[in-house]
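Remarks on the structure that follows.
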Amino acid sequence: MKGMHSATCEMLKNQIFNHNFVFPDTSGNFPSGWEKYIESPLAVIYWQKDYKHHYCIMISNPFHGKKASIFQQTPFYVPVNKQELWEVGARFRVYRKMRANITVHYVKNNIRVSQNQIDFHLMPGIRYYCRSISIPDDIDLVYLELGTEDSGQFWIENVVFAQLFPHSKSINVNTVEAVKRIIDPVKVEKLTRDTVEDVIAGPVIQASELQDVLTLSTYTFSVLNLGDTEANVQLQMSPDGINFMDEAMANHKLAPGQIRALDFNQFLRYAKVTYWTEDGNTTRLRIFFQAQG
């Protein structure tokens, strides 16, 4: 199947426990609720985080045709019913084109009976890839596996499994109970956002993390050039997270060492920053997103 670049899936009620790999397992060396699978002993799967505590899974697979993946552990399978429509997807980060896949494993009476492998053609940058699926008859549980049989390296930053129809009215009880065991009391999300991305700008146009700004009263992107090469930064907006347009008069040259705040003149639900260089060299950028609800 062909992958679809979308962010709408993340706006639904995600049923994946530890979808952004924040909580550690008992060993402290891998995210709770997830396990590794590798067919080549040279494949490497790491749990990573940056200085702002953004977590992700890095998969480095040396051989084409050998699988390397992560999958959900048994206690965190997602309850489903026949003919339900679900959105399945993930945010992947990659620096060259390669293929990855999400396999939906179908379980009946605690036995895996079938699967649906969804293939995505990853493009350089950080993007959401999603696909909708219909649950077959006589299936009561689902678990996801994310990986590749291509040679290469990529990062998984978030995993999504959300019910589209009929609309979900509750969150997976396994997820709720697991979170209660890890965090007590449950923290309420503040009406502010303050995120930072460190990225590498090069000749290929890439994009920052997508932001849903529908409920925000004010927000600003700012970009700091930490490298030695001039970069271009361009604000983009979208009503649906799929189709984007450039913000008028918002293509800025960013000299080495320079920081610039980028504001939007129009309002649409989704916003991001694209970035690239023109001389064939690369430069490191730090992208800030700060907002109030």
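How things are named: the first chain in the structure tokens is A, the next is B, and so on; residues count from 1 in each chain; ligands count from 1 in the order shown.
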
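Residues of region 22-191 of chain A assigned to helix (DSSP H, G or I) by DSSP on this structure's backbone: A:Thr74, A:Pro75, A:Phe76, A:Val173, A:Asn174, A:Thr175, A:Val176, A:Glu177, A:Ala178, A:Val179, A:Lys180, A:Arg181, A:Ile182.
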
Write out as a CSV table (one decimal) with N, CA and C atoms, in the first residue's frame all residues of region 48-263 of chain A that backbone DSSP assigns to strand (DSSP E).
```
chain,number,residue,atom,x,y,z
A,48,GLN,N,16.1,6.5,22.4
A,48,GLN,CA,16.9,7.8,22.5
A,48,GLN,C,16.0,8.9,23.0
A,49,LYS,N,16.7,9.9,23.5
A,49,LYS,CA,16.0,11.2,23.9
A,49,LYS,C,17.0,12.3,23.7
A,55,TYR,N,11.5,11.8,23.2
A,55,TYR,CA,11.9,10.4,23.1
A,55,TYR,C,11.6,9.8,21.8
A,56,CYS,N,12.3,8.8,21.4
A,56,CYS,CA,12.1,8.1,20.1
A,56,CYS,C,12.8,6.8,20.1
A,57,ILE,N,12.5,6.0,19.1
A,57,ILE,CA,13.2,4.7,18.9
A,57,ILE,C,13.9,4.8,17.6
A,58,MET,N,15.2,4.5,17.6
A,58,MET,CA,16.1,4.4,16.4
A,58,MET,C,16.3,3.0,16.0
A,59,ILE,N,16.0,2.7,14.7
A,59,ILE,CA,16.2,1.4,14.2
A,59,ILE,C,17.3,1.5,13.1
A,60,SER,N,18.4,0.7,13.2
A,60,SER,CA,19.4,0.7,12.2
A,60,SER,C,19.5,-0.8,11.7
A,61,ASN,N,19.2,-0.9,10.4
A,61,ASN,CA,19.1,-2.3,9.9
A,61,ASN,C,20.1,-2.4,8.8
A,68,ALA,N,13.9,-5.8,11.1
A,68,ALA,CA,14.1,-5.2,12.4
A,68,ALA,C,12.9,-4.4,12.8
A,69,SER,N,12.3,-4.6,14.0
A,69,SER,CA,11.1,-3.9,14.3
A,69,SER,C,10.9,-3.9,15.8
A,70,ILE,N,9.9,-3.1,16.2
A,70,ILE,CA,9.4,-3.1,17.6
A,70,ILE,C,7.9,-3.5,17.6
A,71,PHE,N,7.4,-4.1,18.7
A,71,PHE,CA,6.0,-4.5,18.7
A,71,PHE,C,5.5,-4.3,20.1
A,72,GLN,N,4.2,-4.2,20.2
A,72,GLN,CA,3.5,-4.0,21.5
A,72,GLN,C,3.5,-5.3,22.3
A,78,VAL,N,-4.9,-3.8,21.9
A,78,VAL,CA,-6.0,-2.8,21.9
A,78,VAL,C,-7.3,-3.6,21.6
A,79,PRO,N,-8.3,-3.5,22.4
A,79,PRO,CA,-9.6,-4.2,22.2
A,79,PRO,C,-10.3,-3.5,21.0
A,85,LEU,N,-13.7,1.1,11.9
A,85,LEU,CA,-12.7,1.7,11.1
A,85,LEU,C,-11.7,2.4,12.0
A,86,TRP,N,-10.5,2.1,11.8
A,86,TRP,CA,-9.4,2.7,12.6
A,86,TRP,C,-8.3,3.3,11.8
A,87,GLU,N,-7.7,4.3,12.3
A,87,GLU,CA,-6.6,5.0,11.7
A,87,GLU,C,-5.3,4.5,12.4
A,88,VAL,N,-4.3,4.0,11.6
A,88,VAL,CA,-3.1,3.5,12.1
A,88,VAL,C,-2.0,4.3,11.5
A,89,GLY,N,-1.0,4.7,12.2
A,89,GLY,CA,0.1,5.5,11.7
A,89,GLY,C,1.2,5.8,12.7
A,90,ALA,N,2.2,6.6,12.2
A,90,ALA,CA,3.3,6.9,13.0
A,90,ALA,C,4.0,8.1,12.5
A,91,ARG,N,4.8,8.8,13.3
A,91,ARG,CA,5.7,9.8,12.9
A,91,ARG,C,7.1,9.3,12.7
A,92,PHE,N,7.6,9.2,11.5
A,92,PHE,CA,8.9,8.7,11.2
A,92,PHE,C,9.8,9.9,10.9
A,93,ARG,N,11.1,9.7,11.2
A,93,ARG,CA,12.2,10.6,10.8
A,93,ARG,C,13.2,9.8,10.1
A,94,VAL,N,13.6,10.3,8.9
A,94,VAL,CA,14.6,9.6,8.1
A,94,VAL,C,15.4,10.6,7.3
A,98,MET,N,13.6,5.5,2.1
A,98,MET,CA,13.6,4.0,2.4
A,98,MET,C,12.2,3.6,2.7
A,99,ARG,N,12.0,2.3,2.8
A,99,ARG,CA,10.7,1.8,3.1
A,99,ARG,C,10.6,1.3,4.6
A,100,ALA,N,9.4,1.6,5.2
A,100,ALA,CA,9.1,1.1,6.5
A,100,ALA,C,7.7,0.5,6.5
A,101,ASN,N,7.3,-0.2,7.5
A,101,ASN,CA,6.0,-0.7,7.5
A,101,ASN,C,5.4,-0.8,8.9
A,102,ILE,N,4.1,-0.7,9.0
A,102,ILE,CA,3.4,-1.0,10.2
A,102,ILE,C,2.5,-2.2,10.0
A,103,THR,N,2.7,-3.2,10.8
A,103,THR,CA,1.9,-4.5,10.7
A,103,THR,C,0.9,-4.5,11.8
A,104,VAL,N,-0.4,-4.6,11.4
A,104,VAL,CA,-1.5,-4.8,12.3
A,104,VAL,C,-1.7,-6.3,12.5
A,105,HIS,N,-1.5,-6.8,13.7
A,105,HIS,CA,-1.7,-8.2,14.0
A,105,HIS,C,-3.0,-8.3,14.6
A,106,TYR,N,-3.8,-9.3,14.1
A,106,TYR,CA,-5.2,-9.5,14.6
A,106,TYR,C,-5.2,-10.7,15.5
A,107,VAL,N,-5.9,-10.6,16.6
A,107,VAL,CA,-5.9,-11.6,17.7
A,107,VAL,C,-7.3,-12.0,18.0
A,108,LYS,N,-7.5,-13.3,18.1
A,108,LYS,CA,-8.8,-13.9,18.5
A,108,LYS,C,-8.6,-14.9,19.6
A,111,ILE,N,-5.0,-15.6,20.5
A,111,ILE,CA,-4.2,-16.3,19.5
A,111,ILE,C,-4.1,-15.4,18.2
A,112,ARG,N,-2.9,-15.1,17.7
A,112,ARG,CA,-2.8,-14.3,16.5
A,112,ARG,C,-3.2,-15.1,15.3
A,113,VAL,N,-4.2,-14.6,14.6
A,113,VAL,CA,-4.8,-15.4,13.5
A,113,VAL,C,-4.5,-14.8,12.1
A,114,SER,N,-4.1,-13.5,12.0
A,114,SER,CA,-3.8,-12.9,10.7
A,114,SER,C,-3.1,-11.6,11.0
A,115,GLN,N,-2.7,-11.0,9.9
A,115,GLN,CA,-2.1,-9.7,9.9
A,115,GLN,C,-2.3,-8.9,8.7
A,116,ASN,N,-2.1,-7.6,8.8
A,116,ASN,CA,-2.2,-6.6,7.7
A,116,ASN,C,-1.0,-5.7,7.7
A,117,GLN,N,-0.1,-5.9,6.7
A,117,GLN,CA,1.1,-5.1,6.7
A,117,GLN,C,0.9,-3.9,5.8
A,118,ILE,N,1.2,-2.8,6.3
A,118,ILE,CA,1.0,-1.5,5.6
A,118,ILE,C,2.4,-0.9,5.3
A,119,ASP,N,2.7,-0.8,4.0
A,119,ASP,CA,4.0,-0.3,3.6
A,119,ASP,C,4.0,1.2,3.4
A,120,PHE,N,5.0,1.9,3.8
A,120,PHE,CA,5.2,3.3,3.6
A,120,PHE,C,6.5,3.6,2.9
A,121,HIS,N,6.5,4.5,2.0
A,121,HIS,CA,7.8,5.0,1.3
A,121,HIS,C,8.2,6.3,2.0
A,122,LEU,N,9.1,6.2,2.9
A,122,LEU,CA,9.5,7.3,3.7
A,122,LEU,C,10.4,8.3,2.9
A,125,GLY,N,13.2,13.7,6.1
A,125,GLY,CA,12.5,14.7,7.0
A,125,GLY,C,11.7,13.9,8.1
A,126,ILE,N,10.9,14.7,8.8
A,126,ILE,CA,10.0,14.2,9.8
A,126,ILE,C,8.6,14.3,9.3
A,127,ARG,N,7.9,13.2,9.1
A,127,ARG,CA,6.5,13.2,8.6
A,127,ARG,C,5.6,12.2,9.2
A,128,TYR,N,4.3,12.5,9.2
A,128,TYR,CA,3.3,11.5,9.7
A,128,TYR,C,2.9,10.7,8.5
A,129,TYR,N,2.8,9.4,8.7
A,129,TYR,CA,2.3,8.5,7.7
A,129,TYR,C,1.1,7.7,8.3
A,130,CYS,N,0.0,7.7,7.6
A,130,CYS,CA,-1.2,7.1,8.2
A,130,CYS,C,-2.0,6.3,7.2
A,131,ARG,N,-2.8,5.4,7.6
A,131,ARG,CA,-3.7,4.6,6.8
A,131,ARG,C,-4.9,4.1,7.6
A,132,SER,N,-6.1,4.1,7.0
A,132,SER,CA,-7.2,3.6,7.7
A,132,SER,C,-7.4,2.1,7.3
A,133,ILE,N,-7.9,1.4,8.3
A,133,ILE,CA,-8.2,-0.1,8.2
A,133,ILE,C,-9.5,-0.4,8.8
A,134,SER,N,-10.1,-1.5,8.3
A,134,SER,CA,-11.4,-2.0,8.8
A,134,SER,C,-11.1,-3.3,9.6
A,141,LEU,N,-8.8,-8.4,19.6
A,141,LEU,CA,-7.6,-7.6,20.0
A,141,LEU,C,-6.7,-7.3,18.8
A,142,VAL,N,-6.0,-6.2,18.9
A,142,VAL,CA,-5.0,-5.9,17.9
A,142,VAL,C,-3.7,-5.4,18.5
A,143,TYR,N,-2.6,-5.7,17.9
A,143,TYR,CA,-1.3,-5.1,18.4
A,143,TYR,C,-0.5,-4.7,17.1
A,144,LEU,N,0.3,-3.7,17.3
A,144,LEU,CA,1.0,-3.1,16.2
A,144,LEU,C,2.5,-3.5,16.3
A,145,GLU,N,3.1,-3.6,15.1
A,145,GLU,CA,4.5,-3.8,14.9
A,145,GLU,C,5.0,-2.8,13.9
A,146,LEU,N,6.1,-2.1,14.2
A,146,LEU,CA,6.7,-1.1,13.3
A,146,LEU,C,8.1,-1.5,13.0
A,147,GLY,N,8.5,-1.5,11.7
A,147,GLY,CA,9.9,-1.8,11.4
A,147,GLY,C,10.1,-1.7,9.9
A,148,THR,N,11.2,-2.4,9.5
A,148,THR,CA,11.6,-2.4,8.1
A,148,THR,C,12.3,-3.6,7.7
A,152,GLY,N,19.0,0.4,6.2
A,152,GLY,CA,19.0,1.9,6.5
A,152,GLY,C,18.7,2.2,7.9
A,153,GLN,N,18.6,3.4,8.2
A,153,GLN,CA,18.4,3.9,9.6
A,153,GLN,C,17.2,4.9,9.6
A,154,PHE,N,16.3,4.7,10.6
A,154,PHE,CA,15.2,5.7,10.7
A,154,PHE,C,14.8,5.7,12.2
A,155,TRP,N,14.0,6.7,12.5
A,155,TRP,CA,13.5,6.9,13.9
A,155,TRP,C,12.0,6.9,13.9
A,156,ILE,N,11.4,6.3,15.0
A,156,ILE,CA,10.0,6.3,15.2
A,156,ILE,C,9.8,7.3,16.4
A,157,GLU,N,9.0,8.3,16.2
A,157,GLU,CA,8.8,9.3,17.2
A,157,GLU,C,7.4,9.3,17.9
A,158,ASN,N,6.5,8.6,17.3
A,158,ASN,CA,5.1,8.5,17.8
A,158,ASN,C,4.4,7.5,17.1
A,159,VAL,N,3.5,6.8,17.8
A,159,VAL,CA,2.7,5.7,17.2
A,159,VAL,C,1.2,6.0,17.4
A,160,VAL,N,0.4,5.8,16.5
A,160,VAL,CA,-1.1,6.1,16.6
A,160,VAL,C,-1.9,5.0,16.2
A,161,PHE,N,-2.9,4.7,17.0
A,161,PHE,CA,-4.0,3.7,16.6
A,161,PHE,C,-5.3,4.3,17.2
A,162,ALA,N,-6.1,4.9,16.4
A,162,ALA,CA,-7.3,5.7,16.8
A,162,ALA,C,-8.5,5.3,16.0
A,163,GLN,N,-9.6,5.2,16.7
A,163,GLN,CA,-10.9,4.7,16.1
A,163,GLN,C,-11.6,5.9,15.4
A,164,LEU,N,-11.9,5.6,14.1
A,164,LEU,CA,-12.5,6.6,13.3
A,164,LEU,C,-14.0,6.5,13.3
A,165,PHE,N,-14.5,5.2,13.2
A,165,PHE,CA,-16.0,4.9,13.2
A,165,PHE,C,-16.3,3.5,13.7
A,192,THR,N,-0.2,25.7,27.6
A,192,THR,CA,1.0,26.3,27.0
A,192,THR,C,1.8,25.2,26.3
A,193,ARG,N,2.6,25.6,25.3
A,193,ARG,CA,3.5,24.7,24.6
A,193,ARG,C,4.8,25.4,24.5
A,194,ASP,N,5.9,24.6,24.7
A,194,ASP,CA,7.2,25.0,24.6
A,194,ASP,C,8.1,23.8,24.1
A,195,THR,N,8.3,23.7,22.8
A,195,THR,CA,9.0,22.6,22.2
A,195,THR,C,10.2,23.1,21.5
A,196,VAL,N,11.2,22.2,21.4
A,196,VAL,CA,12.5,22.5,20.6
A,196,VAL,C,12.8,21.3,19.8
A,197,GLU,N,13.2,21.6,18.5
A,197,GLU,CA,13.8,20.5,17.7
A,197,GLU,C,15.2,20.9,17.2
A,198,ASP,N,16.1,20.0,17.2
A,198,ASP,CA,17.4,20.2,16.6
A,198,ASP,C,17.4,19.4,15.3
A,199,VAL,N,17.6,20.1,14.2
A,199,VAL,CA,17.6,19.5,12.9
A,199,VAL,C,18.8,19.8,12.1
A,200,ILE,N,19.0,19.1,11.0
A,200,ILE,CA,20.1,19.4,10.0
A,200,ILE,C,19.4,19.8,8.7
A,201,ALA,N,19.7,21.0,8.3
A,201,ALA,CA,19.2,21.5,7.0
A,201,ALA,C,20.3,21.2,5.9
A,206,GLN,N,13.1,20.0,4.0
A,206,GLN,CA,12.6,19.2,5.1
A,206,GLN,C,11.6,20.0,5.9
A,207,ALA,N,10.9,19.4,6.8
A,207,ALA,CA,9.9,20.1,7.6
A,207,ALA,C,10.0,19.8,9.1
A,211,GLN,N,2.4,21.2,13.9
A,211,GLN,CA,1.7,21.7,15.1
A,211,GLN,C,0.2,22.0,14.8
A,212,ASP,N,-0.6,21.5,15.7
A,212,ASP,CA,-2.1,21.8,15.6
A,212,ASP,C,-2.3,23.0,16.5
A,218,THR,N,-2.3,32.4,20.7
A,218,THR,CA,-1.1,33.0,20.1
A,218,THR,C,0.1,32.0,20.1
A,219,TYR,N,0.9,32.0,19.1
A,219,TYR,CA,2.0,31.1,18.9
A,219,TYR,C,3.0,31.7,18.0
A,220,THR,N,4.3,31.2,18.1
A,220,THR,CA,5.4,31.7,17.3
A,220,THR,C,6.4,30.6,17.1
A,221,PHE,N,6.9,30.5,15.9
A,221,PHE,CA,8.1,29.7,15.6
A,221,PHE,C,9.3,30.6,15.6
A,222,SER,N,10.4,30.2,16.1
A,222,SER,CA,11.6,30.9,16.0
A,222,SER,C,12.7,29.9,15.6
A,223,VAL,N,13.7,30.3,14.8
A,223,VAL,CA,14.7,29.4,14.3
A,223,VAL,C,16.1,30.0,14.6
A,224,LEU,N,17.0,29.2,15.1
A,224,LEU,CA,18.4,29.6,15.4
A,224,LEU,C,19.3,28.8,14.5
A,225,ASN,N,20.1,29.5,13.8
A,225,ASN,CA,21.1,28.8,12.9
A,225,ASN,C,22.4,28.6,13.7
A,231,ALA,N,20.9,29.4,5.8
A,231,ALA,CA,19.7,28.5,5.6
A,231,ALA,C,18.5,29.3,5.1
A,232,ASN,N,17.6,28.6,4.5
A,232,ASN,CA,16.3,29.2,4.2
A,232,ASN,C,15.2,28.6,5.1
A,233,VAL,N,14.3,29.4,5.6
A,233,VAL,CA,13.2,28.9,6.4
A,233,VAL,C,11.9,29.5,5.9
A,234,GLN,N,10.9,28.6,5.8
A,234,GLN,CA,9.7,29.0,5.2
A,234,GLN,C,8.5,28.5,6.0
A,235,LEU,N,7.6,29.4,6.4
A,235,LEU,CA,6.4,29.0,7.1
A,235,LEU,C,5.4,28.4,6.2
A,236,GLN,N,4.7,27.4,6.6
A,236,GLN,CA,3.6,26.8,5.9
A,236,GLN,C,2.4,26.5,6.7
A,237,MET,N,1.2,26.6,6.1
A,237,MET,CA,0.0,26.4,6.8
A,237,MET,C,-0.9,25.4,6.0
A,238,SER,N,-1.8,24.8,6.8
A,238,SER,CA,-2.7,23.8,6.1
A,238,SER,C,-4.0,23.7,6.9
A,245,MET,N,0.3,25.3,2.1
A,245,MET,CA,0.6,26.5,1.3
A,245,MET,C,1.7,27.3,2.0
A,246,ASP,N,2.5,28.0,1.2
A,246,ASP,CA,3.5,28.9,1.8
A,246,ASP,C,2.9,30.1,2.4
A,247,GLU,N,3.3,30.6,3.5
A,247,GLU,CA,2.9,31.8,4.0
A,247,GLU,C,3.6,33.0,3.2
A,248,ALA,N,2.8,33.9,2.8
A,248,ALA,CA,3.3,35.0,1.9
A,248,ALA,C,4.3,35.8,2.6
A,249,MET,N,5.4,36.1,2.0
A,249,MET,CA,6.5,37.0,2.5
A,249,MET,C,7.1,36.4,3.7
A,250,ALA,N,7.2,35.0,3.8
A,250,ALA,CA,7.7,34.4,5.0
A,250,ALA,C,8.9,33.5,4.7
A,251,ASN,N,9.5,33.7,3.6
A,251,ASN,CA,10.8,32.9,3.2
A,251,ASN,C,12.0,33.8,3.7
A,252,HIS,N,12.6,33.3,4.7
A,252,HIS,CA,13.7,34.1,5.3
A,252,HIS,C,15.0,33.5,5.2
A,253,LYS,N,16.0,34.3,4.8
A,253,LYS,CA,17.4,33.8,4.9
A,253,LYS,C,17.9,33.9,6.3
A,254,LEU,N,18.6,32.9,6.8
A,254,LEU,CA,19.0,32.8,8.1
A,254,LEU,C,20.5,32.6,8.1
A,259,ILE,N,19.2,34.3,14.9
A,259,ILE,CA,17.9,33.8,15.3
A,259,ILE,C,16.8,34.7,14.8
A,260,ARG,N,15.7,34.1,14.4
A,260,ARG,CA,14.6,34.9,13.9
A,260,ARG,C,13.3,34.3,14.3
A,261,ALA,N,12.3,35.2,14.7
A,261,ALA,CA,11.0,34.8,15.0
A,261,ALA,C,10.1,34.9,13.7
A,262,LEU,N,9.3,33.9,13.5
A,262,LEU,CA,8.5,33.8,12.3
A,262,LEU,C,7.0,33.8,12.7
```

Please measure the separation of CA of Ala271 (chain A) and CA of Asp240 (chain A), giving the value in Å to one decimal.
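Going from CA of Ala271 (chain A) over to CA of Asp240 (chain A) covers 10.2 Å.
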
Selected residue, from A:Thr26, A:Val80, A:Glu149, A:Asn18, that lies nearest to Phe63 (chain A) when counting only C-alpha atoms:
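Once distances to Phe63 (chain A) are computed over only C-alpha atoms, the minimum belongs to A:Glu149.
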
Residue neighbourhood Ile38 (chain A), 8 Å, only C-alpha atoms, exclusion window fewer than 2 positions, as a PyMOL selection string
chain A and resi 36+40-41+43+66-69

Counting only C-alpha atoms, which of A:Asp140, A:Asp279, A:Asp150, A:Glu209 gets nearest to Asp228 (chain A)?
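So, comparing all the options, the nearest one is A:Asp279.
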